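Source file entry23.cif; content: mmCIF, C-alpha atoms.
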data_upload
#
loop_
_atom_site.label_atom_id
_atom_site.label_comp_id
_atom_site.auth_asym_id
_atom_site.auth_seq_id
_atom_site.Cartn_x
_atom_site.Cartn_y
_atom_site.Cartn_z
CA VAL A 122 92.30 153.63 142.20
CA THR A 123 90.26 156.21 140.32
CA ALA A 124 88.24 154.70 137.50
CA THR A 125 85.06 155.06 135.51
CA ILE A 126 83.13 152.01 134.34
CA ASN A 127 80.79 152.31 131.39
CA ARG A 128 78.27 149.49 131.07
CA ILE A 129 75.32 148.47 128.97
CA GLY A 130 73.83 145.15 130.04
CA SER A 131 76.70 142.68 130.30
CA ILE A 132 79.09 144.75 128.16
CA MET A 133 81.51 146.98 130.07
CA THR A 134 84.74 148.91 129.92
CA VAL A 135 86.87 150.30 132.71
CA PHE A 136 88.62 153.62 132.10
CA PHE A 137 91.32 154.75 134.52
CA THR A 138 90.11 158.33 134.73
CA GLY A 139 88.16 160.34 137.27
CA THR A 140 85.93 161.99 134.70
CA PRO A 141 82.84 160.58 132.98
CA VAL A 142 83.60 158.95 129.64
CA THR A 143 81.00 159.88 127.05
CA ASP A 144 82.99 160.11 123.83
CA PHE A 145 86.44 159.58 122.36
CA GLU A 146 87.75 162.89 123.68
CA SER A 147 86.84 162.04 127.27
CA ALA A 148 88.10 158.45 126.81
CA LYS A 149 91.51 159.87 125.87
CA THR A 150 91.83 161.27 129.42
CA SER A 151 92.33 157.69 130.64
CA ASP A 152 95.63 156.45 132.00
CA THR A 153 96.50 153.83 129.38
CA LYS A 154 99.74 152.86 131.16
CA LYS A 155 97.77 152.04 134.30
CA TYR A 156 95.33 149.98 132.20
CA ALA A 157 98.28 148.10 130.67
CA LYS A 158 99.54 147.18 134.16
CA TYR A 159 96.02 146.13 135.17
CA PHE A 160 95.57 144.10 131.96
CA HIS A 161 98.86 142.23 132.37
CA ASN A 162 98.23 141.52 136.05
CA MET A 163 94.80 140.11 135.19
CA LEU A 164 96.23 138.05 132.31
CA ASP A 165 99.09 136.72 134.44
CA ASN A 166 96.46 135.48 136.90
CA GLY A 167 94.24 133.74 134.35
CA VAL A 168 91.69 136.44 133.48
CA ASN A 169 91.65 137.48 129.82
CA LEU A 170 90.55 141.06 129.14
CA ALA A 171 90.58 143.20 126.03
CA PRO A 172 94.16 144.43 125.58
CA SER A 173 93.01 148.03 125.12
CA GLN A 174 90.78 149.97 127.47
CA PHE A 175 89.06 151.30 124.37
CA GLU A 176 87.53 147.84 123.82
CA ALA A 177 84.75 146.14 125.78
CA CYS A 178 84.52 143.16 128.11
CA PHE A 179 81.58 140.78 127.93
CA VAL A 180 79.99 138.57 130.58
CA SER A 181 77.87 135.71 129.27
CA VAL A 182 76.03 132.62 130.45
CA ALA A 183 79.19 130.70 129.57
CA HIS A 184 80.78 132.23 132.69
CA SER A 185 80.13 130.26 135.87
CA TYR A 186 79.82 131.69 139.37
CA ASP A 187 83.31 130.31 140.00
CA ASP A 188 84.58 132.26 136.97
CA LEU A 189 82.99 135.44 138.28
CA ASP A 190 84.30 134.90 141.81
CA LYS A 191 87.82 134.31 140.46
CA THR A 192 87.60 137.42 138.28
CA ILE A 193 86.51 139.55 141.23
CA GLN A 194 89.36 138.27 143.41
CA VAL A 195 91.97 138.71 140.67
CA ALA A 196 90.63 142.22 139.90
CA GLU A 197 90.80 143.22 143.58
CA ASN A 198 94.43 142.07 143.74
CA ALA A 199 95.30 143.74 140.43
CA LEU A 200 93.75 147.03 141.50
CA ALA A 201 95.51 146.87 144.87
CA SER A 202 98.83 146.46 143.05
CA LEU A 203 98.32 149.70 141.13
#
Can you present the structure in this file as structure tokens?
Amino acid sequence: VTATINRIGSIMTVFFTGTPVTDFESAKTSDTKKYAKYFHNMLDNGVNLAPSQFEACFVSVAHSYDDLDKTIQVAENALASL
């Protein structure tokens, strides 16, 4: 799956595009239908993400290693399903 991840510290967003995302124009090149499938697959498996790929995800100290491990596994499965 082709994607670009923008991150600052523990704030991140995944864009389903093969080009760098530096502004709104480049963000609009993203495949929003693919993100919707990814979002719903994650949600159906217990991982809550922002419903739009134009929003950010946050990792905090409230997340345990088990939370992170589950998120990674669910994300791998969700991406494989795309």
Apply the PyMOL selection byres ((chain A and resi 175) around 12) to the structure shown and report the selected residues as a ChimeraX atom specification. /A:126-127,133-137,142,144-153,156-157,170-174,176-178
One decimal place gives the CA of Ala196 in chain A-CA of Thr143 in chain A separation as 23.9 Å
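If all atoms listed in the file are the atoms counted, then among A:Lys191, A:Thr123, A:Gly130, A:Leu203 the closest residue to Asn169 in chain A is A:Lys191.
The smallest atom-to-atom distance between Asp190 in chain A and any of A:Val168, A:Ser202, A:Thr125, A:Tyr159, using only C-alpha atoms, is found for A:Val168.
Between CA of Ala201 in chain A and CA of Val122 in chain A lies a distance of 7.9 Å.
Distance check against Lys158 in chain A using all atoms listed in the file: of A:Val195, A:Ala183, A:Leu200, A:Leu189, the minimum falls on A:Leu200.
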Please write out, as AutoDock Vina command-line options, where the centre of an axis-aligned box around all listed atoms of range 122-133 of chain A lies and how long its edges are, in Å to one decimal, after adding 8 Å on each side.
--center_x 83.1 --center_y 149.4 --center_z 135.2 --size_x 34.5 --size_y 29.5 --size_z 30.0
